[in-house]
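Novice: File follows, start_7.tsv with TSV, C-alpha atoms:
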```
chain	number	residue	atom	x	y	z
A	1	ALA	CA	22.64	-41.74	-128.73
A	2	ARG	CA	21.79	-38.10	-129.12
A	3	GLY	CA	21.57	-37.91	-132.88
A	4	ILE	CA	23.30	-39.13	-135.98
A	5	GLN	CA	25.98	-36.43	-136.02
A	6	HIS	CA	27.06	-37.47	-132.54
A	7	THR	CA	27.71	-41.14	-133.28
A	8	ALA	CA	31.42	-40.31	-133.15
A	9	VAL	CA	31.05	-39.60	-129.42
A	10	ARG	CA	30.28	-43.21	-128.63
A	11	GLN	CA	33.72	-44.27	-129.71
A	12	ALA	CA	35.46	-41.49	-127.79
A	13	HIS	CA	34.76	-42.38	-124.13
A	14	ARG	CA	36.45	-40.49	-121.36
A	15	LYS	CA	38.27	-42.98	-119.17
A	16	HIS	CA	36.43	-43.18	-115.87
A	17	GLU	CA	38.52	-43.58	-112.73
A	18	PRO	CA	37.78	-46.88	-110.96
A	19	ASP	CA	35.79	-46.19	-107.79
A	20	PHE	CA	35.87	-48.08	-104.48
A	21	HIS	CA	33.48	-50.73	-105.76
A	22	ASP	CA	35.55	-51.41	-108.87
A	23	LYS	CA	38.71	-51.78	-106.83
A	24	TYR	CA	37.51	-53.64	-103.75
A	25	GLY	CA	33.97	-54.84	-104.48
A	26	ALA	CA	34.88	-58.40	-105.42
A	27	MET	CA	37.18	-58.70	-102.40
A	28	VAL	CA	34.51	-57.42	-100.02
A	29	LEU	CA	31.96	-59.80	-101.48
A	30	LEU	CA	34.18	-62.87	-101.21
A	31	GLY	CA	35.52	-61.92	-97.80
A	32	GLY	CA	32.03	-61.35	-96.46
A	33	ALA	CA	30.74	-64.62	-97.91
A	34	ALA	CA	33.71	-66.55	-96.47
A	35	MET	CA	33.28	-65.01	-93.04
A	36	PHE	CA	29.55	-65.74	-93.12
A	37	THR	CA	29.88	-69.39	-94.12
A	38	THR	CA	32.64	-70.19	-91.60
A	39	VAL	CA	30.91	-68.50	-88.65
A	40	TRP	CA	27.47	-69.95	-89.34
A	41	GLY	CA	28.84	-73.35	-90.30
A	42	TYR	CA	30.49	-73.47	-86.91
A	43	VAL	CA	27.43	-72.15	-85.07
A	44	LEU	CA	25.03	-74.58	-86.70
A	45	THR	CA	27.12	-77.74	-86.33
A	46	GLN	CA	29.96	-77.53	-83.83
A	47	LEU	CA	28.74	-75.29	-81.10
A	48	ASN	CA	26.23	-77.71	-79.52
A	49	ILE	CA	23.40	-75.23	-79.38
A	50	GLU	CA	20.02	-76.81	-78.72
A	51	TRP	CA	17.97	-75.60	-81.67
A	52	GLY	CA	14.84	-77.41	-80.57
A	53	PHE	CA	14.11	-79.20	-83.82
A	54	SER	CA	10.92	-81.24	-84.05
A	55	PRO	CA	11.22	-84.97	-83.27
A	56	VAL	CA	8.92	-85.69	-86.25
A	57	GLY	CA	10.89	-87.54	-88.87
A	58	ARG	CA	14.03	-87.33	-86.73
A	59	ILE	CA	13.63	-89.28	-83.48
A	60	THR	CA	12.87	-93.00	-83.24
A	61	PRO	CA	10.49	-93.45	-80.28
A	62	ARG	CA	11.92	-95.68	-77.54
A	63	GLU	CA	10.12	-97.64	-74.87
A	64	TRP	CA	9.75	-95.54	-71.72
A	65	LYS	CA	7.81	-97.78	-69.32
A	66	GLU	CA	10.04	-99.52	-66.82
B	1	MET	CA	13.90	-19.77	-133.58
B	2	LEU	CA	16.82	-17.33	-133.71
B	3	ALA	CA	16.08	-16.07	-130.21
B	4	SER	CA	16.16	-19.59	-128.73
B	5	ARG	CA	19.44	-20.25	-130.54
B	6	ALA	CA	20.84	-17.09	-128.96
B	7	PHE	CA	19.63	-18.34	-125.57
B	8	SER	CA	21.32	-21.73	-125.95
B	9	LEU	CA	24.63	-20.15	-126.98
B	10	VAL	CA	24.79	-17.38	-124.39
B	11	GLY	CA	22.96	-19.18	-121.59
B	12	ARG	CA	19.69	-18.04	-120.15
B	13	ARG	CA	21.39	-17.12	-116.90
B	14	SER	CA	23.43	-14.16	-118.15
B	15	ILE	CA	20.48	-12.59	-119.98
B	16	SER	CA	18.10	-12.87	-117.02
B	17	THR	CA	20.60	-11.38	-114.54
B	18	SER	CA	21.41	-8.47	-116.85
B	19	LEU	CA	17.68	-7.81	-117.25
B	20	CYS	CA	17.34	-7.80	-113.47
B	21	LEU	CA	20.13	-5.23	-113.12
B	22	ARG	CA	18.54	-2.95	-115.65
B	23	ALA	CA	15.14	-3.25	-113.98
B	24	HIS	CA	16.41	-2.28	-110.50
B	25	GLY	CA	19.01	0.22	-111.63
B	26	HIS	CA	20.65	0.66	-108.18
B	27	ALA	CA	23.52	-0.86	-106.23
B	28	GLY	CA	23.17	-3.37	-103.37
B	29	ILE	CA	21.31	-6.05	-105.33
B	30	VAL	CA	21.36	-9.48	-103.69
B	31	LYS	CA	23.38	-11.77	-105.91
B	32	ALA	CA	21.19	-14.60	-107.22
B	33	GLU	CA	22.41	-17.84	-105.66
B	34	ASP	CA	23.59	-20.67	-107.87
B	35	TYR	CA	20.78	-22.97	-106.85
B	36	THR	CA	18.17	-20.50	-108.07
B	37	HIS	CA	19.47	-20.64	-111.62
B	38	PRO	CA	18.45	-23.29	-114.15
B	39	ALA	CA	20.71	-26.25	-113.49
B	40	TYR	CA	22.42	-28.86	-115.59
B	41	VAL	CA	21.35	-32.43	-114.91
B	42	ASP	CA	22.37	-35.86	-116.25
B	43	ARG	CA	19.06	-37.71	-116.45
B	44	ARG	CA	17.73	-40.25	-118.91
B	45	ASP	CA	14.34	-38.49	-119.07
B	46	VAL	CA	15.84	-35.01	-119.61
B	47	PRO	CA	17.59	-35.25	-122.98
B	48	LEU	CA	18.19	-31.48	-123.29
B	49	PRO	CA	19.08	-29.89	-119.94
B	50	GLU	CA	18.20	-26.24	-119.36
B	51	VAL	CA	21.83	-25.06	-119.50
B	52	ALA	CA	24.99	-26.33	-121.11
B	53	PHE	CA	27.36	-28.27	-118.88
B	54	VAL	CA	30.35	-25.96	-119.31
B	55	LYS	CA	29.29	-22.41	-118.43
B	56	ASP	CA	32.58	-20.52	-118.49
B	57	LEU	CA	34.26	-21.14	-121.81
B	58	SER	CA	37.97	-20.79	-122.32
B	59	ALA	CA	39.21	-18.68	-125.24
B	60	GLN	CA	39.77	-21.86	-127.23
B	61	GLN	CA	36.23	-23.05	-126.51
B	62	LYS	CA	34.76	-19.66	-127.42
B	63	ALA	CA	36.57	-19.82	-130.74
B	64	LEU	CA	35.10	-23.27	-131.30
B	65	LYS	CA	31.62	-21.95	-130.54
B	66	GLU	CA	32.15	-19.28	-133.19
B	67	LYS	CA	33.20	-21.98	-135.65
B	68	GLU	CA	30.04	-23.89	-134.77
B	69	LYS	CA	27.98	-21.03	-136.22
B	70	ALA	CA	29.35	-21.85	-139.65
B	71	SER	CA	28.80	-25.07	-141.60
B	72	TRP	CA	29.06	-28.15	-139.37
B	73	SER	CA	30.69	-30.24	-142.07
B	74	ALA	CA	33.74	-28.03	-141.59
B	75	LEU	CA	34.16	-29.33	-138.03
B	76	SER	CA	36.51	-32.23	-137.38
B	77	VAL	CA	35.42	-35.23	-135.34
B	78	ASP	CA	37.48	-34.07	-132.35
B	79	GLU	CA	35.88	-30.63	-132.53
B	80	LYS	CA	32.43	-32.17	-132.59
B	81	VAL	CA	33.33	-34.28	-129.55
B	82	GLU	CA	34.64	-31.17	-127.78
B	83	LEU	CA	31.40	-29.31	-128.54
B	84	TYR	CA	29.44	-32.27	-127.20
B	85	ARG	CA	31.46	-32.40	-124.00
B	86	MET	CA	30.95	-28.65	-123.55
B	87	LYS	CA	27.22	-29.08	-123.74
B	88	PHE	CA	26.82	-32.40	-121.91
B	89	ASN	CA	28.60	-34.03	-119.00
B	90	GLU	CA	27.93	-37.73	-119.54
B	91	THR	CA	26.72	-39.60	-122.58
B	92	TYR	CA	23.68	-41.80	-122.22
B	93	ALA	CA	25.97	-44.80	-122.22
B	94	GLU	CA	27.99	-43.34	-119.35
B	95	MET	CA	24.82	-42.34	-117.50
B	96	ASN	CA	23.25	-45.78	-117.78
B	97	LYS	CA	26.40	-47.69	-117.00
B	98	GLY	CA	26.03	-50.14	-114.16
B	99	THR	CA	28.37	-50.18	-111.20
B	100	ASN	CA	29.97	-52.79	-108.99
B	101	GLN	CA	28.25	-51.34	-105.96
B	102	TRP	CA	26.21	-54.51	-105.41
B	103	LYS	CA	29.36	-56.44	-104.57
B	104	THR	CA	30.27	-54.07	-101.75
B	105	ILE	CA	26.70	-54.02	-100.46
B	106	LEU	CA	26.23	-57.78	-100.51
B	107	GLY	CA	29.66	-58.40	-99.02
B	108	GLY	CA	28.93	-55.93	-96.23
B	109	VAL	CA	25.54	-57.50	-95.51
B	110	LEU	CA	27.04	-61.00	-95.30
B	111	PHE	CA	29.83	-59.72	-93.09
B	112	PHE	CA	27.46	-58.22	-90.56
B	113	LEU	CA	25.27	-61.32	-90.60
B	114	GLY	CA	28.47	-63.14	-89.72
B	115	VAL	CA	28.95	-60.75	-86.82
B	116	THR	CA	25.52	-61.87	-85.61
B	117	GLY	CA	26.82	-65.43	-85.63
B	118	VAL	CA	29.82	-64.34	-83.58
B	119	ILE	CA	27.40	-62.93	-81.01
B	120	LEU	CA	25.77	-66.37	-80.79
B	121	ILE	CA	29.17	-67.96	-80.23
B	122	TRP	CA	29.87	-65.51	-77.42
B	123	GLN	CA	26.50	-66.26	-75.85
B	124	LYS	CA	27.06	-70.03	-75.94
B	125	HIS	CA	30.51	-69.67	-74.48
B	126	PHE	CA	29.95	-67.09	-71.77
B	127	MET	CA	26.25	-67.01	-71.04
B	128	TYR	CA	24.34	-70.24	-71.57
B	129	GLY	CA	24.58	-72.99	-68.98
B	130	PRO	CA	24.89	-76.66	-69.93
B	131	VAL	CA	22.15	-78.14	-72.12
B	132	PRO	CA	19.59	-79.80	-69.80
B	133	HIS	CA	19.63	-83.65	-69.77
B	134	THR	CA	16.05	-83.71	-71.01
B	135	PHE	CA	17.35	-82.83	-74.46
B	136	SER	CA	19.58	-85.90	-74.75
B	137	GLU	CA	18.75	-88.40	-77.48
B	138	GLU	CA	17.66	-91.14	-75.03
B	139	TRP	CA	15.36	-88.83	-73.08
B	140	VAL	CA	13.75	-87.26	-76.16
B	141	SER	CA	13.10	-90.66	-77.77
B	142	ALA	CA	11.39	-91.94	-74.60
B	143	GLN	CA	9.49	-88.65	-74.29
B	144	THR	CA	8.30	-88.89	-77.88
B	145	LYS	CA	7.02	-92.47	-77.40
B	146	ARG	CA	5.14	-91.40	-74.27
B	147	MET	CA	3.55	-88.47	-76.13
B	148	LEU	CA	2.45	-90.77	-78.94
B	149	ASP	CA	1.09	-93.35	-76.46
B	150	MET	CA	-0.97	-90.55	-74.88
B	151	ARG	CA	-2.12	-89.45	-78.34
B	152	VAL	CA	-0.93	-85.89	-77.76
B	153	ASN	CA	-2.38	-83.46	-80.37
B	154	PRO	CA	-3.97	-86.12	-82.57
B	155	MET	CA	-5.70	-83.71	-84.97
B	156	GLU	CA	-2.90	-81.65	-86.42
B	157	GLY	CA	0.02	-82.15	-84.04
B	158	ILE	CA	2.61	-84.80	-83.33
B	159	SER	CA	0.27	-87.82	-83.12
B	160	SER	CA	-1.20	-86.95	-86.51
B	161	LYS	CA	2.28	-87.26	-88.00
B	162	TRP	CA	2.83	-90.81	-86.70
B	163	ASP	CA	1.50	-93.89	-88.50
B	164	PHE	CA	0.28	-96.11	-85.62
B	165	ASP	CA	-0.30	-99.11	-87.90
B	166	LYS	CA	3.11	-99.21	-89.52
B	167	ASN	CA	4.88	-97.88	-86.42
B	168	GLU	CA	6.78	-95.19	-88.23
B	169	TRP	CA	6.53	-91.50	-89.05
B	170	LYS	CA	4.12	-90.73	-91.86
B	171	LYS	CA	5.81	-89.98	-95.16
```
Go ahead and render the structure in this file as structure tokens.
Specialist:
Amino acid sequence: ARGIQHTAVRQAHRKHEPDFHDKYGAMVLLGGAAMFTTVWGYVLTQLNIEWGFSPVGRITPREWKE
Amino acid sequence: MLASRAFSLVGRRSISTSLCLRAHGHAGIVKAEDYTHPAYVDRRDVPLPEVAFVKDLSAQQKALKEKEKASWSALSVDEKVELYRMKFNETYAEMNKGTNQWKTILGGVLFFLGVTGVILIWQKHFMYGPVPHTFSEEWVSAQTKRMLDMRVNPMEGISSKWDFDKNEWKK
């Protein structure tokens, strides 16, 4: 603090009004995370998009000659 | 020492403007804009700003400033706090206090990344045609065996990842 004679100030805070982040920050964070996980969970698993993953380690080779 | 004390009490601004008036000595002087005067600032690396925070003192505050000229032990705690708040806006603790801004920022970022995912959903639904049959499991497995039989990319590619002796992918 700014000097020994001002130690009293530390106990006498002015009450600061809660700003937007204090009021809604947690809600925005959780809402955004929920939206993100649902949308991308759906996109990555249910939507049947061909992502083009490598066959290495994934595909068991099958006989092709007739 | 006494002169600087006078400066801090009265404020450098009023002395400099009165000096200017005396120097010019005629009417029609351009009023010095606020931003040209020394400014107050709440910064960790500026412990003593150039001016006090409260410039225009009420009668009560002026009386307190007079009392400050006497012995400081005569001041009550509340008066000391009032004098502090007249001179400074925020305490260091208030200045350094963290905020919850990161929650809003991170939440907003994740939300808009989710919007990107919605765009992908729209594309799949309205734009892409059906997935070609050459991507089906049976086709890809036959295709992979044929590539390995041909020894496609044996140095660093797909054939280098297959163990031809054990007939399995390399671990």
Novice: Between A:Gly32, A:Gly41, A:Pro18, A:Gly52, single out the one closest to chain B, counting all atoms listed in the file.
Specialist: A:Gly32
Novice: Distance limit 9 Å, atoms considered: only C-alpha atoms. Which chain B residues sit that close to chain A? Return them as a PyMOL selection string.
Specialist: chain B and resi 47+77-78+80-81+84+91-94+99-115+117-118+120-121+124-125+131+135+137-146+148+158+161-162+168-171
Novice: Mind giving me the straight-line distance from CA of Lys69 (chain B) to CA of Arg43 (chain B) in Å, one decimal?
Specialist: 27.4 Å
Novice: Mind giving me the straight-line distance from CA of Val51 (chain B) to CA of Ala63 (chain B) in Å, one decimal?
Specialist: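 CA of Val51 (chain B) sits 19.3 Å away from CA of Ala63 (chain B).
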Novice: Report, in Å to a single decimal, how far apart CA of Met86 (chain B) and CA of Leu64 (chain B) are.
Specialist: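 Taking CA of Leu64 (chain B) as the start and CA of Met86 (chain B) as the end point, the length is 10.3 Å.
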